[in-house]
file upload_2.csv (CSV, C-alpha atoms)
chain,number,residue,atom,x,y,z
S,1,MET,CA,16.6,-125.1,-122.7
S,2,ASP,CA,18.5,-128.3,-121.6
S,3,ILE,CA,18.6,-129.5,-117.9
S,4,GLU,CA,22.2,-128.2,-117.4
S,5,SER,CA,21.2,-124.7,-118.7
S,6,SER,CA,18.1,-124.7,-116.6
S,7,VAL,CA,20.0,-125.5,-113.4
S,8,GLY,CA,22.6,-122.8,-114.3
S,9,ALA,CA,19.8,-120.3,-114.7
S,10,GLN,CA,18.4,-121.2,-111.3
S,11,TYR,CA,21.8,-120.8,-109.6
S,12,LEU,CA,22.2,-117.4,-111.3
S,13,GLU,CA,18.9,-116.3,-110.1
S,14,LEU,CA,19.7,-117.4,-106.6
S,15,LEU,CA,23.0,-115.6,-106.8
S,16,LYS,CA,21.3,-112.4,-107.8
S,17,GLU,CA,18.8,-112.6,-104.9
S,18,MET,CA,21.7,-113.1,-102.5
S,19,LEU,CA,23.6,-110.2,-103.9
S,20,PHE,CA,20.8,-107.7,-104.5
S,21,GLY,CA,18.0,-108.8,-102.1
S,22,ASN,CA,14.5,-107.4,-103.0
S,23,TYR,CA,15.7,-104.4,-104.9
S,24,LYS,CA,13.9,-103.9,-108.2
S,25,ARG,CA,15.7,-105.2,-111.3
S,26,ALA,CA,15.4,-104.8,-115.0
S,27,GLU,CA,17.1,-107.5,-117.0
S,28,ARG,CA,17.9,-108.8,-120.4
S,29,VAL,CA,19.5,-112.1,-121.2
S,30,PHE,CA,20.3,-113.0,-124.8
S,31,ARG,CA,22.8,-114.4,-127.3
S,32,SER,CA,24.4,-111.2,-128.7
S,33,GLN,CA,25.0,-110.4,-132.3
S,34,ALA,CA,28.7,-110.6,-131.5
S,35,GLY,CA,28.5,-114.2,-130.2
S,36,PRO,CA,28.7,-114.3,-126.4
S,37,MET,CA,25.7,-114.7,-124.1
S,38,VAL,CA,24.9,-111.4,-122.5
S,39,HIS,CA,23.4,-110.8,-119.1
S,40,ILE,CA,22.5,-107.1,-118.4
S,41,CYS,CA,20.9,-106.3,-115.1
S,42,ALA,CA,19.9,-102.8,-113.9
S,43,ILE,CA,19.4,-102.6,-110.2
S,44,GLN,CA,18.0,-99.9,-107.9
S,45,LYS,CA,21.0,-100.3,-105.6
S,46,VAL,CA,24.3,-102.1,-106.1
S,47,GLU,CA,27.8,-101.8,-104.6
S,48,PRO,CA,30.2,-103.1,-107.3
S,49,SER,CA,33.3,-103.0,-105.0
S,50,SER,CA,31.8,-105.5,-102.5
S,51,ILE,CA,31.0,-108.0,-105.2
S,52,TYR,CA,34.3,-107.4,-106.9
S,53,ASN,CA,36.3,-108.1,-103.7
S,54,THR,CA,34.4,-111.4,-103.3
S,55,ILE,CA,35.1,-112.7,-106.8
S,56,ALA,CA,38.3,-110.9,-107.9
S,57,LYS,CA,40.5,-113.9,-107.2
S,58,THR,CA,38.4,-116.4,-108.9
S,59,PRO,CA,40.6,-117.7,-111.8
S,60,ALA,CA,37.8,-118.3,-114.3
S,61,LEU,CA,36.4,-114.8,-113.9
S,62,LYS,CA,37.6,-111.4,-115.3
S,63,SER,CA,35.9,-108.5,-113.5
S,64,TYR,CA,36.0,-104.8,-113.6
S,65,ILE,CA,34.4,-101.9,-111.7
S,66,ILE,CA,33.0,-99.1,-113.9
S,67,ASN,CA,32.3,-95.7,-112.4
S,68,SER,CA,31.2,-93.1,-115.0
S,69,GLU,CA,28.7,-90.3,-115.3
S,70,HIS,CA,25.8,-92.7,-115.9
S,71,LEU,CA,27.0,-96.0,-114.7
S,72,ASN,CA,27.9,-97.5,-111.3
S,73,ALA,CA,28.6,-101.0,-112.5
S,74,LEU,CA,30.4,-104.4,-112.2
S,75,TYR,CA,31.4,-106.1,-115.5
S,76,ILE,CA,32.2,-109.8,-115.4
S,77,GLU,CA,33.5,-112.2,-118.1
S,78,PHE,CA,33.0,-115.9,-117.7
S,79,TYR,CA,33.9,-118.1,-120.6
S,80,ASP,CA,31.3,-117.4,-123.3
S,81,ASN,CA,29.3,-115.1,-121.1
S,82,TRP,CA,29.5,-111.6,-119.9
S,83,PHE,CA,27.5,-109.9,-117.2
S,84,LEU,CA,26.8,-106.2,-116.5
S,85,PHE,CA,25.3,-105.4,-113.1
S,86,TYR,CA,24.7,-101.6,-112.8
S,87,CYS,CA,22.7,-98.9,-111.2
S,88,PRO,CA,22.6,-95.3,-112.4
S,89,PRO,CA,24.0,-92.6,-110.0
S,90,ASP,CA,21.4,-90.8,-107.9
S,91,SER,CA,21.8,-87.7,-110.0
S,92,LYS,CA,20.6,-89.5,-113.1
S,93,ILE,CA,17.5,-90.9,-111.6
S,94,ASN,CA,15.2,-87.9,-112.1
S,95,LEU,CA,12.6,-86.7,-114.7
S,96,GLY,CA,14.0,-83.2,-115.3
S,97,VAL,CA,14.3,-81.8,-118.8
S,98,ASP,CA,18.1,-81.6,-118.7
S,99,THR,CA,18.5,-85.3,-117.6
S,100,PHE,CA,15.5,-87.3,-118.8
S,101,ASN,CA,15.6,-86.7,-122.5
S,102,GLN,CA,16.7,-88.5,-125.7
S,103,SER,CA,20.3,-88.0,-124.8
S,104,LEU,CA,20.0,-90.7,-122.1
S,105,ASP,CA,19.3,-93.4,-124.8
S,106,SER,CA,23.0,-93.4,-125.8
S,107,ALA,CA,24.8,-92.0,-122.8
S,108,ALA,CA,25.4,-95.3,-120.9
S,109,ILE,CA,26.5,-97.4,-123.9
S,110,GLN,CA,28.9,-94.7,-125.0
S,111,GLU,CA,30.6,-94.8,-121.6
S,112,LEU,CA,30.6,-98.6,-121.7
S,113,THR,CA,32.3,-98.6,-125.1
S,114,ALA,CA,34.8,-96.0,-123.9
S,115,PHE,CA,35.6,-98.2,-120.9
S,116,GLY,CA,36.2,-101.2,-123.1
S,117,LYS,CA,38.6,-99.3,-125.4
S,118,GLU,CA,40.5,-97.9,-122.4
S,119,HIS,CA,40.9,-101.3,-120.8
S,120,ASP,CA,41.2,-103.3,-124.1
S,121,ILE,CA,38.1,-105.4,-123.3
S,122,LYS,CA,37.1,-107.0,-126.6
S,123,ASN,CA,33.4,-107.6,-125.7
S,124,LEU,CA,32.9,-104.0,-124.8
S,125,LYS,CA,34.9,-102.5,-127.6
S,126,GLU,CA,32.7,-104.2,-130.2
S,127,LEU,CA,29.2,-103.6,-128.9
S,128,GLN,CA,26.4,-104.2,-131.4
S,129,PHE,CA,23.0,-102.6,-131.8
S,130,ASP,CA,21.3,-105.3,-129.6
S,131,ILE,CA,23.4,-104.1,-126.6
S,132,PHE,CA,22.3,-100.5,-127.3
S,133,ILE,CA,18.7,-101.6,-127.1
S,134,ALA,CA,19.2,-103.7,-124.0
S,135,MET,CA,21.0,-100.9,-122.2
S,136,TYR,CA,18.5,-98.1,-122.8
S,137,GLU,CA,15.5,-100.4,-122.1
S,138,THR,CA,16.9,-101.6,-118.8
S,139,TYR,CA,17.9,-98.0,-117.8
S,140,TYR,CA,14.4,-96.7,-118.5
S,141,GLU,CA,12.6,-99.6,-116.8
S,142,LEU,CA,14.6,-98.9,-113.7
S,143,ILE,CA,13.6,-95.2,-113.7
S,144,GLY,CA,10.0,-96.4,-114.3
S,145,TYR,CA,10.2,-98.6,-111.2
S,146,THR,CA,11.6,-95.7,-109.2
S,147,PHE,CA,8.8,-93.3,-110.0
S,148,LEU,CA,6.0,-95.9,-110.4
S,149,LEU,CA,5.5,-95.0,-114.1
S,150,ASN,CA,4.6,-97.3,-117.0
S,151,GLU,CA,6.3,-97.3,-120.4
S,152,ASP,CA,3.8,-94.9,-122.0
S,153,GLN,CA,4.1,-92.4,-119.2
S,154,LEU,CA,7.9,-92.5,-119.4
S,155,ASN,CA,7.9,-92.1,-123.1
S,156,ARG,CA,5.5,-89.1,-122.9
S,157,ILE,CA,7.7,-87.3,-120.4
S,158,LYS,CA,10.9,-88.1,-122.4
S,159,LEU,CA,9.4,-86.8,-125.7
S,160,VAL,CA,8.2,-83.6,-124.1
S,161,ASN,CA,11.5,-83.1,-122.3
S,162,THR,CA,13.5,-83.8,-125.5
S,163,TYR,CA,11.5,-81.3,-127.6
S,164,LYS,CA,11.7,-78.6,-124.9
S,165,LYS,CA,15.5,-79.1,-124.8
S,166,PHE,CA,15.8,-78.8,-128.6
S,167,TYR,CA,13.8,-75.6,-128.6
S,168,LYS,CA,15.7,-74.1,-125.6
S,169,ASN,CA,19.0,-75.0,-127.3
S,170,TYR,CA,17.9,-73.2,-130.5
S,171,ILE,CA,17.0,-70.1,-128.5
S,172,ASP,CA,20.3,-70.2,-126.6
S,173,LEU,CA,22.3,-70.6,-129.9
S,174,SER,CA,20.4,-67.6,-131.3
S,175,ALA,CA,21.4,-65.6,-128.3
S,176,GLU,CA,25.0,-66.7,-128.8
S,177,LYS,CA,25.0,-68.8,-125.6
S,178,SER,CA,26.9,-72.0,-125.5
S,179,ILE,CA,25.2,-75.4,-125.3
S,180,ASP,CA,26.6,-78.9,-124.5
S,181,VAL,CA,27.1,-80.5,-127.9
S,182,SER,CA,28.6,-83.7,-126.4
S,183,THR,CA,25.1,-85.1,-125.8
S,184,HIS,CA,22.8,-86.5,-128.5
S,185,VAL,CA,20.3,-83.7,-128.2
S,186,GLY,CA,23.0,-81.0,-128.0
S,187,SER,CA,24.8,-82.3,-131.1
S,188,PHE,CA,21.6,-82.4,-133.2
S,189,SER,CA,20.5,-79.0,-131.8
S,190,TRP,CA,23.7,-77.6,-133.4
S,191,ILE,CA,23.1,-79.5,-136.6
S,192,TYR,CA,19.6,-78.2,-136.9
S,193,TYR,CA,20.6,-74.6,-136.1
S,194,PHE,CA,23.4,-74.6,-138.6
S,195,GLU,CA,21.2,-76.1,-141.4
S,196,ILE,CA,18.4,-73.6,-140.8
S,197,HIS,CA,20.8,-70.7,-141.2
S,198,ALA,CA,22.4,-72.4,-144.2
S,199,ILE,CA,19.0,-72.7,-145.8
S,200,LYS,CA,18.5,-68.9,-145.4
S,201,LEU,CA,21.7,-68.3,-147.4
S,202,MET,CA,21.1,-70.9,-150.0
S,203,ALA,CA,17.4,-70.1,-150.7
S,204,GLY,CA,18.4,-66.8,-152.3
S,205,GLU,CA,15.5,-65.4,-154.4
S,206,LEU,CA,12.9,-68.0,-153.2
S,207,SER,CA,10.3,-66.2,-151.2
S,208,SER,CA,8.8,-69.3,-149.5
S,209,LEU,CA,10.0,-72.8,-149.1
S,210,GLU,CA,8.7,-76.3,-148.9
S,211,ILE,CA,11.0,-78.4,-146.7
S,212,HIS,CA,11.1,-82.2,-146.6
S,213,ASP,CA,13.0,-84.0,-143.8
S,214,VAL,CA,13.8,-87.5,-145.1
S,215,ALA,CA,13.9,-90.4,-142.7
S,216,THR,CA,12.8,-88.2,-139.8
S,217,ASN,CA,12.7,-90.9,-137.2
S,218,THR,CA,11.2,-89.2,-134.1
S,219,GLY,CA,10.6,-86.0,-136.0
S,220,ASN,CA,12.5,-83.5,-133.8
S,221,PHE,CA,13.6,-81.3,-136.7
S,222,PRO,CA,10.3,-80.8,-138.5
S,223,LEU,CA,8.6,-80.1,-135.1
S,224,LEU,CA,11.3,-77.5,-134.3
S,225,LEU,CA,10.7,-75.9,-137.7
S,226,SER,CA,7.0,-75.8,-137.1
S,227,GLN,CA,7.2,-74.1,-133.7
S,228,LEU,CA,9.9,-71.7,-134.8
S,229,ALA,CA,7.6,-70.8,-137.8
S,230,ASP,CA,4.7,-70.2,-135.4
S,231,ASN,CA,6.8,-67.9,-133.2
S,232,HIS,CA,8.2,-66.0,-136.2
S,233,LEU,CA,11.7,-67.2,-135.4
S,234,LEU,CA,12.6,-68.9,-138.7
S,235,PRO,CA,15.0,-66.8,-140.8
S,236,PHE,CA,12.9,-67.8,-144.0
S,237,ASN,CA,9.3,-68.4,-144.8
S,238,ALA,CA,8.3,-72.1,-144.7
S,239,LYS,CA,5.1,-72.5,-146.7
S,240,ALA,CA,5.1,-76.2,-146.0
S,241,ILE,CA,6.9,-78.7,-143.8
S,242,CYS,CA,6.9,-82.3,-144.7
S,243,CYS,CA,8.7,-85.3,-143.2
S,244,SER,CA,8.9,-89.0,-144.1
S,245,ASP,CA,10.1,-92.3,-142.7
S,246,TYR,CA,9.8,-96.0,-143.6
S,247,ASN,CA,7.5,-96.3,-140.6
S,248,GLU,CA,5.4,-93.1,-140.8
S,249,VAL,CA,3.3,-94.1,-137.8
S,250,THR,CA,6.1,-93.3,-135.3
S,251,PRO,CA,6.5,-89.6,-136.1
S,252,SER,CA,2.7,-89.2,-136.5
S,253,LYS,CA,2.1,-90.7,-133.0
S,254,ILE,CA,4.9,-88.6,-131.5
S,255,PHE,CA,3.5,-85.4,-133.0
S,256,SER,CA,0.1,-86.2,-131.6
S,257,THR,CA,1.6,-86.9,-128.2
S,258,LEU,CA,3.6,-83.7,-128.1
S,259,GLN,CA,0.7,-81.5,-129.3
S,260,ASP,CA,-1.4,-82.8,-126.5
S,261,SER,CA,1.1,-81.4,-124.1
S,262,LEU,CA,2.5,-78.4,-126.0
S,263,GLY,CA,-0.5,-77.3,-128.1
S,264,ILE,CA,-1.2,-77.5,-131.8
S,265,PHE,CA,1.2,-75.4,-134.0
S,266,ASN,CA,-0.4,-73.4,-136.8
S,267,CYS,CA,2.3,-74.5,-139.2
S,268,GLN,CA,1.2,-78.2,-139.6
S,269,ILE,CA,3.6,-81.0,-140.6
S,270,ARG,CA,2.7,-83.5,-143.3
S,271,VAL,CA,3.9,-87.0,-142.6
S,272,GLU,CA,4.6,-89.6,-145.4
S,273,LYS,CA,5.9,-93.1,-145.7
S,274,ILE,CA,9.1,-93.2,-147.8
S,275,ASP,CA,11.0,-95.8,-149.7
S,276,LEU,CA,14.5,-94.5,-150.1
S,277,TRP,CA,15.0,-96.5,-153.3
S,278,GLU,CA,11.8,-95.2,-155.0
S,279,PRO,CA,10.5,-92.1,-153.2
S,280,LYS,CA,7.0,-90.8,-153.8
S,281,PRO,CA,6.7,-88.1,-156.5
S,282,SER,CA,5.7,-85.7,-153.7
S,283,LEU,CA,9.4,-85.5,-152.8
S,284,LEU,CA,9.9,-83.6,-156.0
S,285,ASN,CA,7.7,-80.8,-154.7
S,286,ALA,CA,10.2,-79.9,-151.9
S,287,ASP,CA,12.5,-76.9,-152.4
S,288,VAL,CA,14.8,-78.2,-149.7
S,289,ILE,CA,15.4,-81.9,-149.0
S,290,ILE,CA,17.3,-82.7,-145.7
S,291,ALA,CA,18.8,-86.1,-144.9
S,292,ASN,CA,20.4,-86.1,-141.5
S,293,ASP,CA,22.4,-89.2,-140.3
S,294,ILE,CA,20.8,-91.7,-142.7
S,295,LEU,CA,23.5,-92.8,-145.2
S,296,GLU,CA,25.7,-94.4,-142.5
S,297,HIS,CA,23.0,-97.0,-141.8
S,298,PHE,CA,23.5,-98.7,-145.2
S,299,THR,CA,26.3,-100.6,-146.9
S,300,ASP,CA,28.7,-98.5,-149.0
S,301,SER,CA,27.1,-99.3,-152.3
S,302,ASP,CA,23.5,-98.9,-151.0
S,303,SER,CA,24.4,-95.6,-149.3
S,304,GLU,CA,25.8,-94.1,-152.5
S,305,ALA,CA,22.8,-95.3,-154.5
S,306,ILE,CA,20.4,-93.7,-152.0
S,307,PHE,CA,22.5,-90.5,-152.1
S,308,HIS,CA,22.1,-90.4,-155.9
S,309,THR,CA,18.3,-91.1,-155.6
S,310,LEU,CA,17.9,-88.2,-153.3
S,311,TRP,CA,19.7,-85.9,-155.7
S,312,MET,CA,17.6,-87.1,-158.6
S,313,ASN,CA,14.5,-86.0,-156.6
S,314,THR,CA,16.0,-82.7,-155.6
S,315,LYS,CA,14.3,-79.7,-157.2
S,316,ASN,CA,16.6,-77.1,-155.6
S,317,ILE,CA,18.6,-77.8,-152.4
S,318,LEU,CA,19.8,-81.0,-150.9
S,319,ILE,CA,21.4,-81.0,-147.4
S,320,ILE,CA,23.2,-84.1,-146.1
S,321,HIS,CA,24.7,-84.7,-142.7
S,322,VAL,CA,26.6,-87.9,-141.6
S,323,PRO,CA,28.8,-88.6,-138.6
S,324,ILE,CA,32.5,-88.7,-139.3
S,325,GLU,CA,33.8,-92.0,-137.9
S,326,ASP,CA,37.0,-94.0,-138.3
S,327,THR,CA,35.0,-97.2,-138.3
S,328,PRO,CA,31.2,-97.6,-138.5
S,329,ASN,CA,29.7,-97.4,-135.0
S,330,ARG,CA,27.9,-100.7,-134.9
S,331,PHE,CA,26.0,-100.1,-131.6
S,332,TYR,CA,24.1,-97.4,-133.5
S,333,GLY,CA,23.5,-99.6,-136.4
S,334,HIS,CA,26.1,-97.9,-138.7
S,335,PHE,CA,27.4,-100.0,-141.6
S,336,THR,CA,29.6,-97.5,-143.5
S,337,ASN,CA,31.8,-94.6,-142.4
S,338,PHE,CA,32.5,-91.2,-143.9
S,339,THR,CA,35.2,-88.6,-144.3
S,340,ASN,CA,34.6,-85.1,-145.6
S,341,ASP,CA,36.7,-86.1,-148.7
S,342,ARG,CA,34.5,-89.0,-149.4
S,343,LEU,CA,31.4,-86.8,-149.2
S,344,PHE,CA,32.9,-84.3,-151.7
S,345,ALA,CA,33.9,-87.1,-154.0
S,346,TRP,CA,30.3,-88.4,-154.1
S,347,ALA,CA,29.0,-84.8,-154.7
S,348,ALA,CA,31.4,-84.4,-157.6
S,349,LYS,CA,29.7,-87.2,-159.5
S,350,LEU,CA,26.2,-85.6,-159.3
S,351,PRO,CA,24.9,-84.0,-162.5
S,352,SER,CA,24.0,-80.3,-162.5
S,353,CYS,CA,25.2,-79.9,-158.9
S,354,GLU,CA,26.8,-76.9,-157.3
S,355,ASN,CA,28.6,-77.8,-154.1
S,356,LEU,CA,28.2,-74.8,-151.7
S,357,THR,CA,29.6,-76.5,-148.6
S,358,HIS,CA,32.8,-74.5,-148.4
S,359,GLN,CA,30.9,-71.3,-148.9
S,360,ILE,CA,28.4,-72.2,-146.1
S,361,MET,CA,31.2,-73.2,-143.8
S,362,ASN,CA,32.9,-69.8,-144.2
S,363,SER,CA,29.7,-67.7,-144.2
S,364,VAL,CA,27.3,-69.3,-141.7
S,365,CYS,CA,28.1,-69.0,-138.0
S,366,PRO,CA,31.7,-68.2,-138.8
S,367,ASN,CA,32.7,-67.4,-135.2
S,368,VAL,CA,31.1,-70.6,-133.7
S,369,ASN,CA,33.6,-73.4,-132.9
S,370,TYR,CA,31.1,-76.4,-132.9
S,371,ASP,CA,31.8,-79.2,-135.3
S,372,LYS,CA,31.0,-78.4,-139.0
S,373,SER,CA,32.2,-81.7,-140.4
S,374,GLY,CA,30.0,-84.2,-142.1
S,375,PHE,CA,27.9,-81.7,-144.0
S,376,LEU,CA,27.1,-81.4,-147.7
S,377,PHE,CA,25.1,-78.3,-149.0
S,378,LEU,CA,24.2,-78.9,-152.6
S,379,LYS,CA,22.2,-76.8,-155.0
S,380,ARG,CA,20.9,-77.7,-158.4
S,381,LYS,CA,22.3,-75.5,-161.2
S,382,PRO,CA,19.7,-73.7,-163.2
S,383,SER,CA,18.9,-75.3,-166.6
S,384,LEU,CA,19.9,-73.4,-169.7
S,385,ASN,CA,16.9,-72.8,-171.9
S,386,ILE,CA,18.2,-72.1,-175.4
call {"tool": "encode", "arguments": {"input": "upload_2.csv", "output": "structure tokens"}}
result
Amino acid sequence: MDIESSVGAQYLELLKEMLFGNYKRAERVFRSQAGPMVHICAIQKVEPSSIYNTIAKTPALKSYIINSEHLNALYIEFYDNWFLFYCPPDSKINLGVDTFNQSLDSAAIQELTAFGKEHDIKNLKELQFDIFIAMYETYYELIGYTFLLNEDQLNRIKLVNTYKKFYKNYIDLSAEKSIDVSTHVGSFSWIYYFEIHAIKLMAGELSSLEIHDVATNTGNFPLLLSQLADNHLLPFNAKAICCSDYNEVTPSKIFSTLQDSLGIFNCQIRVEKIDLWEPKPSLLNADVIIANDILEHFTDSDSEAIFHTLWMNTKNILIIHVPIEDTPNRFYGHFTNFTNDRLFAWAAKLPSCENLTHQIMNSVCPNVNYDKSGFLFLKRKPSLNI
């Protein structure tokens, strides 16, 4: 750092102390993937309007007040820099199951992007994955300061809350109760519920199934399958549940943490490391392969190649889900976007493939109005032995 930058950093720190006093702050300062220097500061208390009124007439600054469900914030642009000073509303600073779960990871940045589009703010319309990381890290750090919890304690509470929410949502959907599918957990709760009931229809004569959840990430789906199986709530018999990820340590640790809190389920989950280009032969053992929200994280050509690789390793059933987006959502790390037509075109190229997607859409949960786009339900045609 040169002398000029060092002096600038000192003045910025002095300014923050004058504005925010001794309130706890969680900060990230970095050169963003999009180019500008970014300063994100979560504060236990901030009054954006008082700061805005002080600086609003400064010619070199563009500033905006943001008031949304998860953000009480001041956004400032200054040449090649932008600043976000924010505090969560009081209602969002709690550790309850309905608030402090995995949905919180993406809530604030979704609102930030929506504000950018509404006000045509280029920096906020084109947020990248590094901003997503900085937003949820500072948000959680501030909650940790508030409740005097360290990162491990916060993660444990969030994991348990998230899983409890998934399980409750499944029970509610089974009882034909509505859930909030606008949140991350709500959206995936519906995806899992729909896929489970699609598997029941597609499995047909198979008396028991081995299911493999590819690129499982935090493992919410296999864990849900495991507890549903334990409680005799699965509409089919799961003889084995397997999941895989490029970093198999993450789901393994999460399962261990959750079972410490929730108890060990009798239907155990096997965790494997996977290379999506050259999967292990064990993938061939699965009756059902599920790949939820994976393909959008690769370039067009790589995504289609992985899609074909998954099909070549499919013994019976392959289920795909991707988000339908006009453009790839870069703050989630998406690199390609999909339409339903594109998915069907890909499926049409697969050898020995029966596309049952339309049949599933018409037969499974026909009276439910949640989003059914972005799915493929594919089944291998039986071979003809002559």
call {"tool": "closest_residue", "arguments": {"input": "upload_2.csv", "among": "S:Leu276, S:Leu209, S:Ile143, S:Ile290", "to": "Ile157 (chain S)", "atoms": "all atoms listed in the file"}}
result
S:Ile143
call {"tool": "residues_around", "arguments": {"input": "upload_2.csv", "residues": "Gln227 (chain S)", "least_positions_apart": "6", "cutoff": "12 Å", "atoms": "all atoms listed in the file", "output": "PyMOL selection string"}}
result
chain S and resi 163-164+166-168+170-171+220-221+233-234+238+241+255+258-259+262-269
call {"tool": "closest_residue", "arguments": {"input": "upload_2.csv", "among": "S:Val38, S:Val46, S:Ala286, S:Leu356", "to": "Ile76 (chain S)", "atoms": "only C-alpha atoms"}}
result
S:Val38
call {"tool": "residues_around", "arguments": {"input": "upload_2.csv", "residues": "Asn369 (chain S)", "least_positions_apart": "5", "cutoff": "12 Å", "atoms": "only C-alpha atoms", "output": "number ranges by chain"}}
result
S: 176, 178-179, 181, 190, 194, 361-362, 364
call {"tool": "closest_residue", "arguments": {"input": "upload_2.csv", "among": "S:Tyr79, S:Phe129, S:Trp311, S:Tyr64", "to": "Lys379 (chain S)", "atoms": "only C-alpha atoms"}}
result
S:Trp311
call {"tool": "closest_residue", "arguments": {"input": "upload_2.csv", "among": "S:Glu278, S:Asp287, S:Asp172, S:Asp213", "to": "Lys239 (chain S)", "atoms": "only C-alpha atoms"}}
result
S:Asp287
call {"tool": "build_atoms", "arguments": {"input": "upload_2.csv", "residues": "region 226-232 of chain S", "atoms": "all heavy atoms", "output": "JSON list (two decimals), in the coordinates of the input"}}
result
[["chain", "number", "residue", "atom", "x", "y", "z"],
["S", 226, "SER", "N", 8.39, -76.23, -137.17],
["S", 226, "SER", "CA", 7.00, -75.80, -137.10],
["S", 226, "SER", "C", 6.80, -74.79, -135.95],
["S", 226, "SER", "O", 6.13, -73.77, -136.15],
["S", 226, "SER", "CB", 6.13, -77.07, -136.78],
["S", 226, "SER", "OG", 4.78, -76.71, -136.60],
["S", 227, "GLN", "N", 7.37, -75.04, -134.77],
["S", 227, "GLN", "CA", 7.20, -74.10, -133.70],
["S", 227, "GLN", "C", 7.94, -72.77, -133.94],
["S", 227, "GLN", "O", 7.45, -71.69, -133.62],
["S", 227, "GLN", "CB", 7.58, -74.64, -132.33],
["S", 227, "GLN", "CG", 7.14, -73.72, -131.19],
["S", 227, "GLN", "CD", 7.32, -74.30, -129.81],
["S", 227, "GLN", "OE1", 8.03, -75.28, -129.64],
["S", 227, "GLN", "NE2", 6.68, -73.69, -128.83],
["S", 228, "LEU", "N", 9.13, -72.88, -134.51],
["S", 228, "LEU", "CA", 9.90, -71.70, -134.80],
["S", 228, "LEU", "C", 9.06, -70.81, -135.84],
["S", 228, "LEU", "O", 9.02, -69.58, -135.74],
["S", 228, "LEU", "CB", 11.23, -72.00, -135.42],
["S", 228, "LEU", "CG", 12.25, -72.60, -134.45],
["S", 228, "LEU", "CD1", 13.50, -73.07, -135.21],
["S", 228, "LEU", "CD2", 12.63, -71.60, -133.36],
["S", 229, "ALA", "N", 8.44, -71.48, -136.81],
["S", 229, "ALA", "CA", 7.60, -70.80, -137.80],
["S", 229, "ALA", "C", 6.44, -70.08, -137.08],
["S", 229, "ALA", "O", 6.11, -68.92, -137.36],
["S", 229, "ALA", "CB", 7.11, -71.71, -138.86],
["S", 230, "ASP", "N", 5.79, -70.79, -136.17],
["S", 230, "ASP", "CA", 4.70, -70.20, -135.40],
["S", 230, "ASP", "C", 5.09, -68.98, -134.63],
["S", 230, "ASP", "O", 4.31, -68.03, -134.48],
["S", 230, "ASP", "CB", 4.11, -71.27, -134.44],
["S", 230, "ASP", "CG", 2.92, -72.00, -135.02],
["S", 230, "ASP", "OD1", 2.79, -72.05, -136.26],
["S", 230, "ASP", "OD2", 2.11, -72.54, -134.24],
["S", 231, "ASN", "N", 6.29, -69.03, -134.09],
["S", 231, "ASN", "CA", 6.80, -67.90, -133.20],
["S", 231, "ASN", "C", 7.59, -66.88, -134.02],
["S", 231, "ASN", "O", 8.25, -66.04, -133.43],
["S", 231, "ASN", "CB", 7.62, -68.49, -132.10],
["S", 231, "ASN", "CG", 6.81, -69.32, -131.14],
["S", 231, "ASN", "OD1", 5.59, -69.17, -131.04],
["S", 231, "ASN", "ND2", 7.47, -70.22, -130.42],
["S", 232, "HIS", "N", 7.53, -66.98, -135.37],
["S", 232, "HIS", "CA", 8.20, -66.00, -136.20],
["S", 232, "HIS", "C", 9.70, -65.95, -135.98],
["S", 232, "HIS", "O", 10.31, -64.88, -136.00],
["S", 232, "HIS", "CB", 7.57, -64.63, -136.10],
["S", 232, "HIS", "CG", 6.09, -64.61, -136.27],
["S", 232, "HIS", "ND1", 5.47, -64.82, -137.50],
["S", 232, "HIS", "CD2", 5.07, -64.45, -135.37],
["S", 232, "HIS", "CE1", 4.16, -64.77, -137.36],
["S", 232, "HIS", "NE2", 3.89, -64.55, -136.08]]
